[in-house]
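What follows is a set of notes on a single structure, which appears directly below.
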Amino acid sequence: MHLINFKELTEQDLNTLIDLAIETKQNPEKFLKTLEGKSTALIFQKTSTRTRVSFEVAMTQLGGHALYIDWKSTNFTLADISDETQSLSRHVDCIMARLLYNSDLQKMASASRVPIINGCDEKYHPSQILADLITIKEKHGKLTGTKLVYIGVHNNVTNSLIEAAIKTGIKITTVTPIFNNAARDEELLLAAKKSGLWESTLDVKNAIKNSDFVYTDTWIDMEFFTDPKFETEKNNRINLMMPYQINLELLGNSNAYIMHDMPIHRGYEISEEAINSPRSVIYQQTENRLHAAKAIYLKLMTKNYPVR
Ligand code: CP
């Protein structure tokens, strides 16, 4: 089994994964040798802090070994992705890949003899959202019926949040004046509409009212943020999105917890004051990446914690 997005997981699978992650956090000693003798390849086409560190440290704390591989330094750059994946998957027990394109990840999944974990592509970011679900459950005690508002650009994180919400009974409202076309997944949005758990609006103040969590993410994908070729588009986006910045004025009297998956662009999608607010759970989210990574490994790599 692979973890490309949440489509393959039932509601029960996802809830079990969240509870397993919380168990690894509360009782890490129990899992110290679970993956002894196992190896994972962590392969990156893009930069990363949290995904790289959490999946590497998680493997160490489960008794196994993780290899960090920079895509640019490998023969993936020269050869067929399926051949290279076949080869890699005969040396390791799992592959976590951060690739630019979901289509390449699908090719990897088809060729691999071992589980493939999506470490974020242009469409989905499941390991981040698992950490977010852990955080919501820790702060709010439950997922079903929780009201989450996502404010920003509709992107890969938004898709995975919507996927997770309709599986766990979270009521999600998205306030997204811009839609990243690369992230478009009509099938997901249709399913979300049918579920009755997702709504989309531009009335940001009303959306925040009565919400339990307010979530934002970068307005510009990380590979473009400092790219001079993207400068005009970046400035257009900043102008359009500034009224949607998460700040104390926008939040008003709301008691909602403030979420961000990081990296943060301070002063753009979120203000300094909102990051430092007592309602901010941003650093708890990032801490939970480790526990999310452990649960994903355990589900995909051991017989004791099967998803199904
Ligand atoms: N949130 C997240 O995926 O962080 P990195 O890009 O640093 O891995």
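Ligands are numbered from 1 in the order shown, chains are lettered A, B, ... in the order of the structure tokens, and residues start at 1 in each chain.
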- request: Please write out the residues within 8 Å of ligand 1 as a list in words, counting only C-alpha atoms and all ligand atoms.
  value: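 Counting only C-alpha atoms and all ligand atoms, the residues within 8 Å of ligand 1 come out as Thr47, Ser48, Thr49, Arg50, Thr51, Arg52, Val53, Gly119, Cys120, His125, Gln128, Met222, Asp261, Met262, Pro263 and Thr286 of chain A.
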Filtered DSSP result for stretch 104-214 of chain A, state helix (DSSP H, G or I), as JSON, numbers by chain: {"A": [104, 105, 106, 107, 108, 109, 110, 111, 126, 127, 128, 129, 130, 131, 132, 133, 134, 135, 136, 137, 138, 139, 140, 156, 157, 158, 159, 160, 161, 162, 163, 164, 165, 166, 167, 168, 181, 182, 183, 186, 187, 188, 189, 190, 191, 192, 193, 194, 195, 204, 205, 206, 207, 208]}
- prompt: Could you name the residues that touch stretch 31-35 of chain A at 7 Å or less, counting only C-alpha atoms, but leaving out those on the same chain fewer than 2 positions away, as JSON, numbers by chain?
  reply: {"A": [24, 28, 29, 37, 38, 61, 62, 63, 64]}
Write out as JSON lines a residue-level contact list of stretch 182-299 of chain A versus stretch 12-15 of chain A with cut-off 12 Å: for each qualifying residue the closest pair of atoms and the distance in Å to one decimal, counting only C-alpha atoms, rows sorted by chain and residue number upward.
{"residue": "A:Ala292", "atom": "CA", "partner": "A:Leu14", "partner_atom": "CA", "distance": 11.4}
{"residue": "A:Ala295", "atom": "CA", "partner": "A:Leu14", "partner_atom": "CA", "distance": 10.6}
{"residue": "A:Ile296", "atom": "CA", "partner": "A:Leu14", "partner_atom": "CA", "distance": 10.4}
{"residue": "A:Lys299", "atom": "CA", "partner": "A:Asp13", "partner_atom": "CA", "distance": 9.5}
Write a file of the selected residues as a PDB file, in the first residue's frame, keeping N, CA, C and O atoms.
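The file below, result_31.pdb, is the result:
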ATOM      1  N   ALA A 292       3.267  11.987  13.156  1.00  0.00           N
ATOM      2  CA  ALA A 292       2.557  11.606  11.931  1.00  0.00           C
ATOM      3  C   ALA A 292       3.446  10.683  11.088  1.00  0.00           C
ATOM      4  O   ALA A 292       2.984   9.652  10.578  1.00  0.00           O
ATOM      5  N   ALA A 295       3.578   7.184  12.548  1.00  0.00           N
ATOM      6  CA  ALA A 295       2.345   6.411  12.314  1.00  0.00           C
ATOM      7  C   ALA A 295       2.287   5.932  10.864  1.00  0.00           C
ATOM      8  O   ALA A 295       1.890   4.787  10.600  1.00  0.00           O
ATOM      9  N   ILE A 296       2.696   6.781   9.938  1.00  0.00           N
ATOM     10  CA  ILE A 296       2.669   6.390   8.510  1.00  0.00           C
ATOM     11  C   ILE A 296       3.614   5.211   8.278  1.00  0.00           C
ATOM     12  O   ILE A 296       3.255   4.218   7.644  1.00  0.00           O
ATOM     13  N   LYS A 299       2.109   2.001   9.805  1.00  0.00           N
ATOM     14  CA  LYS A 299       0.980   1.485   9.014  1.00  0.00           C
ATOM     15  C   LYS A 299       1.457   0.810   7.736  1.00  0.00           C
ATOM     16  O   LYS A 299       0.913  -0.206   7.323  1.00  0.00           O
TER      17      LYS A 299
END
query: So which one's closest to A:Gln86, A:Val281, A:Met59, A:Leu20, A:Ile116? Using only C-alpha atoms, please.
result: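 The shortest atom-to-atom distance to A:Gln86 comes from A:Ile116.
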task: Write out as a list in words which residues come within 7 Å of stretch 169-185 of chain A when counting only C-alpha atoms, dropping same-chain ones fewer than 3 positions away.
output: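 My reading of the contact set: Glu122, Lys123, Leu143, Thr144, Gly145, Thr146, Lys147, Leu148, Val149, Tyr150, Ile151, Gly152, Val153, His154, Asn155, Asn156, Ile162, Ala165, Ile166, Leu188, Leu189, Leu197, Trp198, Glu199, Ser200, Thr201, Leu202, Val204 and Ala207 of chain A.
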- prompt: So what do you get for atom CA of A:Ile95 versus atom CA of A:Ala41, distance-wise?
  reply: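 Computing it gives 4.8 Å between the two atoms.
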message: Can you tell me, as a count of residues only, which residues in stretch 191-231 of chain A count as strand (DSSP E) by DSSP?
response: 7
query: What's the 10 Å shell around A:Leu88, counting only C-alpha atoms, without same-chain residues fewer than 4 positions away, as a list in words?
result: Thr40, Ala41, Ser82, Asp83, Glu84, Val92, Asp93, Cys94, Ile95, Ser112, Arg113 and Val114 of chain A
Using N, CA, C and O atoms, can you write the selected residues to a file as a short mmCIF file (atom, residue, chain, number, x, y, z; two decimals), in the first residue's frame?
data_model
loop_
_atom_site.label_atom_id
_atom_site.label_comp_id
_atom_site.auth_asym_id
_atom_site.auth_seq_id
_atom_site.Cartn_x
_atom_site.Cartn_y
_atom_site.Cartn_z
N THR A 40 14.61 3.34 4.92
CA THR A 40 13.73 4.16 4.07
C THR A 40 14.59 5.13 3.27
O THR A 40 15.52 5.72 3.82
N ALA A 41 14.25 5.29 2.00
CA ALA A 41 14.89 6.32 1.19
C ALA A 41 14.01 7.56 1.20
O ALA A 41 12.80 7.46 0.98
N SER A 82 10.74 4.87 -13.75
CA SER A 82 10.28 3.53 -13.34
C SER A 82 11.47 2.60 -13.10
O SER A 82 11.49 1.83 -12.13
N ASP A 83 12.47 2.67 -13.99
CA ASP A 83 13.66 1.82 -13.81
C ASP A 83 14.40 2.18 -12.52
O ASP A 83 14.79 1.31 -11.74
N GLU A 84 14.58 3.47 -12.31
CA GLU A 84 15.31 3.90 -11.10
C GLU A 84 14.55 3.53 -9.84
O GLU A 84 15.13 3.15 -8.82
N VAL A 92 15.62 -0.80 -0.35
CA VAL A 92 15.03 -0.23 0.87
C VAL A 92 13.63 -0.81 1.11
O VAL A 92 13.07 -1.48 0.24
N ASP A 93 13.08 -0.50 2.27
CA ASP A 93 11.77 -1.06 2.65
C ASP A 93 10.64 -0.06 2.45
O ASP A 93 9.46 -0.40 2.62
N CYS A 94 10.99 1.18 2.15
CA CYS A 94 9.97 2.22 1.96
C CYS A 94 10.65 3.40 1.25
O CYS A 94 11.86 3.61 1.42
N ILE A 95 9.87 4.14 0.48
CA ILE A 95 10.40 5.34 -0.18
C ILE A 95 9.48 6.51 0.12
O ILE A 95 8.27 6.42 -0.11
N SER A 112 7.29 0.57 -7.92
CA SER A 112 7.96 0.22 -6.66
C SER A 112 7.49 -1.11 -6.08
O SER A 112 6.31 -1.44 -6.14
N ARG A 113 8.42 -1.84 -5.49
CA ARG A 113 8.07 -3.06 -4.74
C ARG A 113 7.78 -2.75 -3.28
O ARG A 113 7.40 -3.64 -2.54
N VAL A 114 8.02 -1.51 -2.87
CA VAL A 114 7.81 -1.14 -1.45
C VAL A 114 6.88 0.08 -1.40
O VAL A 114 6.69 0.77 -2.41
#
task: Tell me, as a ChimeraX atom specification, which residues lie within 9 Å of A:Glu163, counting only C-alpha atoms; anything in the same chain fewer than 3 positions away does not count.
output: /A:5-7,158-160,166-168,188-189,191-192
Write a file of the just-selected residues containing N, CA, C and O atoms, as a PDB file, in the first residue's frame.
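Writing done, so here's result-v3.pdb:
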ATOM      1  N   ASN A   5      -2.295  10.063  -1.356  1.00  0.00           N
ATOM      2  CA  ASN A   5      -3.254  11.041  -0.824  1.00  0.00           C
ATOM      3  C   ASN A   5      -4.133  10.252   0.139  1.00  0.00           C
ATOM      4  O   ASN A   5      -3.757   9.146   0.536  1.00  0.00           O
ATOM      5  N   PHE A   6      -5.301  10.784   0.515  1.00  0.00           N
ATOM      6  CA  PHE A   6      -6.152  10.041   1.463  1.00  0.00           C
ATOM      7  C   PHE A   6      -7.243   9.239   0.769  1.00  0.00           C
ATOM      8  O   PHE A   6      -8.070   8.629   1.441  1.00  0.00           O
ATOM      9  N   LYS A   7      -7.242   9.237  -0.569  1.00  0.00           N
ATOM     10  CA  LYS A   7      -8.353   8.597  -1.290  1.00  0.00           C
ATOM     11  C   LYS A   7      -8.477   7.109  -0.972  1.00  0.00           C
ATOM     12  O   LYS A   7      -9.570   6.576  -0.912  1.00  0.00           O
ATOM     13  N   THR A 158      -4.674  22.583   0.732  1.00  0.00           N
ATOM     14  CA  THR A 158      -6.137  22.726   0.759  1.00  0.00           C
ATOM     15  C   THR A 158      -6.794  21.422   0.330  1.00  0.00           C
ATOM     16  O   THR A 158      -7.761  20.963   0.964  1.00  0.00           O
ATOM     17  N   ASN A 159      -6.291  20.833  -0.749  1.00  0.00           N
ATOM     18  CA  ASN A 159      -6.871  19.561  -1.214  1.00  0.00           C
ATOM     19  C   ASN A 159      -6.812  18.499  -0.125  1.00  0.00           C
ATOM     20  O   ASN A 159      -7.801  17.817   0.139  1.00  0.00           O
ATOM     21  N   SER A 160      -5.642  18.346   0.487  1.00  0.00           N
ATOM     22  CA  SER A 160      -5.512  17.290   1.497  1.00  0.00           C
ATOM     23  C   SER A 160      -6.347  17.603   2.739  1.00  0.00           C
ATOM     24  O   SER A 160      -6.877  16.689   3.383  1.00  0.00           O
ATOM     25  N   ILE A 166     -13.579  15.481   4.863  1.00  0.00           N
ATOM     26  CA  ILE A 166     -14.773  14.703   4.513  1.00  0.00           C
ATOM     27  C   ILE A 166     -14.651  13.253   5.004  1.00  0.00           C
ATOM     28  O   ILE A 166     -15.643  12.565   5.125  1.00  0.00           O
ATOM     29  N   LYS A 167     -13.428  12.836   5.337  1.00  0.00           N
ATOM     30  CA  LYS A 167     -13.263  11.486   5.905  1.00  0.00           C
ATOM     31  C   LYS A 167     -13.491  11.470   7.407  1.00  0.00           C
ATOM     32  O   LYS A 167     -13.786  10.430   7.996  1.00  0.00           O
ATOM     33  N   THR A 168     -13.295  12.608   8.054  1.00  0.00           N
ATOM     34  CA  THR A 168     -13.338  12.624   9.520  1.00  0.00           C
ATOM     35  C   THR A 168     -14.520  13.426  10.072  1.00  0.00           C
ATOM     36  O   THR A 168     -14.651  13.556  11.282  1.00  0.00           O
ATOM     37  N   LEU A 188     -12.219  15.267  -6.401  1.00  0.00           N
ATOM     38  CA  LEU A 188     -12.213  15.533  -4.956  1.00  0.00           C
ATOM     39  C   LEU A 188     -13.248  16.596  -4.592  1.00  0.00           C
ATOM     40  O   LEU A 188     -14.007  16.441  -3.630  1.00  0.00           O
ATOM     41  N   LEU A 189     -13.293  17.665  -5.385  1.00  0.00           N
ATOM     42  CA  LEU A 189     -14.213  18.762  -5.060  1.00  0.00           C
ATOM     43  C   LEU A 189     -15.667  18.324  -5.217  1.00  0.00           C
ATOM     44  O   LEU A 189     -16.537  18.734  -4.432  1.00  0.00           O
ATOM     45  N   ALA A 191     -16.750  15.219  -4.723  1.00  0.00           N
ATOM     46  CA  ALA A 191     -17.020  14.380  -3.538  1.00  0.00           C
ATOM     47  C   ALA A 191     -17.228  15.258  -2.301  1.00  0.00           C
ATOM     48  O   ALA A 191     -18.103  14.992  -1.466  1.00  0.00           O
ATOM     49  N   ALA A 192     -16.428  16.325  -2.213  1.00  0.00           N
ATOM     50  CA  ALA A 192     -16.536  17.231  -1.054  1.00  0.00           C
ATOM     51  C   ALA A 192     -17.898  17.926  -1.050  1.00  0.00           C
ATOM     52  O   ALA A 192     -18.543  18.051   0.001  1.00  0.00           O
TER      53      ALA A 192
END
- request: Report the distance between atom CA of A:Leu290 and atom CA of A:Ile208 in Å, rounded to one decimal place.
  value: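 Taking atom CA of A:Leu290 and atom CA of A:Ile208, their separation equals 29.2 Å.
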message: Using Å and a single decimal, report how far atom CA of A:His260 sits from atom CA of A:Asp217.
response: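 So the two atoms, atom CA of A:Asp217 and atom CA of A:His260, lie 5.7 Å apart.
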- prompt: Closest to A:Ala131 among A:Arg237, A:Arg90, A:Lys107, A:Lys25, using only C-alpha atoms?
  reply: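 Under the stated criterion, the closest residue is A:Lys25.
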- prompt: Can you list, as JSON, numbers by chain, every protein, DNA or RNA residue that comes within 12 Å of A:Ile282 when you count only C-alpha atoms, leaving out same-chain residues fewer than 5 positions away?
  reply: {"A": [128, 131, 132, 135, 136, 139, 213, 214, 215, 216, 217, 257, 258, 259, 260, 261, 262, 263, 264, 270, 274, 275, 276, 277, 287, 288, 289]}
Given the selection you just returned, output its residues as a file containing N, CA, C and O atoms, formatted as an mmCIF file, in the first residue's frame.
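Dumped to selection.cif:
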data_model
loop_
_atom_site.group_PDB
_atom_site.id
_atom_site.type_symbol
_atom_site.label_atom_id
_atom_site.label_comp_id
_atom_site.auth_asym_id
_atom_site.auth_seq_id
_atom_site.Cartn_x
_atom_site.Cartn_y
_atom_site.Cartn_z
ATOM 1 N N GLN A 128 1.553 16.208 6.113
ATOM 2 C CA GLN A 128 1.319 17.462 6.835
ATOM 3 C C GLN A 128 -0.080 17.456 7.455
ATOM 4 O O GLN A 128 -0.273 17.806 8.619
ATOM 5 N N ALA A 131 -0.510 15.458 10.574
ATOM 6 C CA ALA A 131 -0.024 16.207 11.756
ATOM 7 C C ALA A 131 -1.059 17.248 12.196
ATOM 8 O O ALA A 131 -1.255 17.483 13.397
ATOM 9 N N ASP A 132 -1.738 17.851 11.242
ATOM 10 C CA ASP A 132 -2.760 18.864 11.564
ATOM 11 C C ASP A 132 -3.957 18.228 12.271
ATOM 12 O O ASP A 132 -4.524 18.801 13.205
ATOM 13 N N THR A 135 -3.155 17.586 15.789
ATOM 14 C CA THR A 135 -3.188 18.854 16.538
ATOM 15 C C THR A 135 -4.627 19.255 16.850
ATOM 16 O O THR A 135 -4.932 19.676 17.991
ATOM 17 N N ILE A 136 -5.501 19.120 15.872
ATOM 18 C CA ILE A 136 -6.920 19.481 16.090
ATOM 19 C C ILE A 136 -7.510 18.584 17.173
ATOM 20 O O ILE A 136 -8.198 19.060 18.088
ATOM 21 N N LYS A 139 -6.174 19.600 20.624
ATOM 22 C CA LYS A 139 -6.677 20.886 21.146
ATOM 23 C C LYS A 139 -8.173 20.863 21.386
ATOM 24 O O LYS A 139 -8.681 21.515 22.287
ATOM 25 N N PHE A 213 -11.027 26.527 14.214
ATOM 26 C CA PHE A 213 -9.636 26.628 13.738
ATOM 27 C C PHE A 213 -9.609 27.473 12.465
ATOM 28 O O PHE A 213 -10.475 27.312 11.599
ATOM 29 N N VAL A 214 -8.608 28.335 12.380
ATOM 30 C CA VAL A 214 -8.379 29.128 11.169
ATOM 31 C C VAL A 214 -6.993 28.746 10.649
ATOM 32 O O VAL A 214 -6.013 28.791 11.395
ATOM 33 N N TYR A 215 -6.926 28.352 9.377
ATOM 34 C CA TYR A 215 -5.685 27.773 8.831
ATOM 35 C C TYR A 215 -5.266 28.592 7.617
ATOM 36 O O TYR A 215 -6.099 28.961 6.783
ATOM 37 N N THR A 216 -3.979 28.870 7.495
ATOM 38 C CA THR A 216 -3.486 29.489 6.264
ATOM 39 C C THR A 216 -2.174 28.856 5.820
ATOM 40 O O THR A 216 -1.550 28.073 6.549
ATOM 41 N N ASP A 217 -1.777 29.183 4.604
ATOM 42 C CA ASP A 217 -0.555 28.634 4.018
ATOM 43 C C ASP A 217 0.014 29.695 3.075
ATOM 44 O O ASP A 217 -0.665 30.686 2.759
ATOM 45 N N TYR A 257 -8.398 28.662 17.099
ATOM 46 C CA TYR A 257 -6.961 28.390 17.088
ATOM 47 C C TYR A 257 -6.413 28.731 15.702
ATOM 48 O O TYR A 257 -7.112 28.576 14.688
ATOM 49 N N ILE A 258 -5.152 29.177 15.692
ATOM 50 C CA ILE A 258 -4.532 29.622 14.434
ATOM 51 C C ILE A 258 -3.538 28.560 13.961
ATOM 52 O O ILE A 258 -2.656 28.146 14.731
ATOM 53 N N MET A 259 -3.702 28.153 12.696
ATOM 54 C CA MET A 259 -2.847 27.088 12.161
ATOM 55 C C MET A 259 -2.100 27.553 10.898
ATOM 56 O O MET A 259 -2.611 28.355 10.129
ATOM 57 N N HIS A 260 -0.926 26.999 10.716
ATOM 58 C CA HIS A 260 -0.121 27.237 9.505
ATOM 59 C C HIS A 260 0.840 26.053 9.399
ATOM 60 O O HIS A 260 1.442 25.649 10.386
ATOM 61 N N ASP A 261 0.989 25.522 8.202
ATOM 62 C CA ASP A 261 1.815 24.317 8.045
ATOM 63 C C ASP A 261 3.308 24.619 7.940
ATOM 64 O O ASP A 261 4.113 23.693 8.022
ATOM 65 N N MET A 262 3.673 25.892 7.748
ATOM 66 C CA MET A 262 5.067 26.306 7.618
ATOM 67 C C MET A 262 5.699 25.720 6.341
ATOM 68 O O MET A 262 5.313 24.635 5.965
ATOM 69 N N PRO A 263 6.672 26.375 5.700
ATOM 70 C CA PRO A 263 7.331 27.612 6.137
ATOM 71 C C PRO A 263 6.398 28.827 6.040
ATOM 72 O O PRO A 263 5.548 28.891 5.156
ATOM 73 N N ILE A 264 6.619 29.761 6.980
ATOM 74 C CA ILE A 264 5.785 30.963 7.073
ATOM 75 C C ILE A 264 6.461 32.099 6.304
ATOM 76 O O ILE A 264 7.678 32.260 6.377
ATOM 77 N N ILE A 270 0.204 35.760 7.023
ATOM 78 C CA ILE A 270 -0.076 35.828 8.467
ATOM 79 C C ILE A 270 0.799 36.902 9.108
ATOM 80 O O ILE A 270 1.962 37.077 8.716
ATOM 81 N N ALA A 274 -0.304 37.360 14.987
ATOM 82 C CA ALA A 274 -1.114 36.128 14.909
ATOM 83 C C ALA A 274 -0.228 34.898 15.149
ATOM 84 O O ALA A 274 -0.644 33.948 15.823
ATOM 85 N N ILE A 275 0.998 34.932 14.626
ATOM 86 C CA ILE A 275 1.926 33.796 14.833
ATOM 87 C C ILE A 275 2.203 33.634 16.322
ATOM 88 O O ILE A 275 2.240 32.522 16.844
ATOM 89 N N ASN A 276 2.396 34.773 17.001
ATOM 90 C CA ASN A 276 2.783 34.737 18.418
ATOM 91 C C ASN A 276 1.588 34.723 19.377
ATOM 92 O O ASN A 276 1.777 34.712 20.587
ATOM 93 N N SER A 277 0.377 34.723 18.834
ATOM 94 C CA SER A 277 -0.828 34.755 19.681
ATOM 95 C C SER A 277 -0.918 33.499 20.548
ATOM 96 O O SER A 277 -0.493 32.418 20.133
ATOM 97 N N GLU A 287 5.602 20.123 15.453
ATOM 98 C CA GLU A 287 6.080 19.043 16.344
ATOM 99 C C GLU A 287 5.380 17.724 15.985
ATOM 100 O O GLU A 287 5.995 16.663 15.986
ATOM 101 N N ASN A 288 4.115 17.829 15.639
ATOM 102 C CA ASN A 288 3.345 16.617 15.342
ATOM 103 C C ASN A 288 3.710 15.970 14.010
ATOM 104 O O ASN A 288 3.268 14.856 13.727
ATOM 105 N N ARG A 289 4.527 16.645 13.199
ATOM 106 C CA ARG A 289 5.004 16.003 11.968
ATOM 107 C C ARG A 289 5.768 14.720 12.289
ATOM 108 O O ARG A 289 5.680 13.730 11.582
#
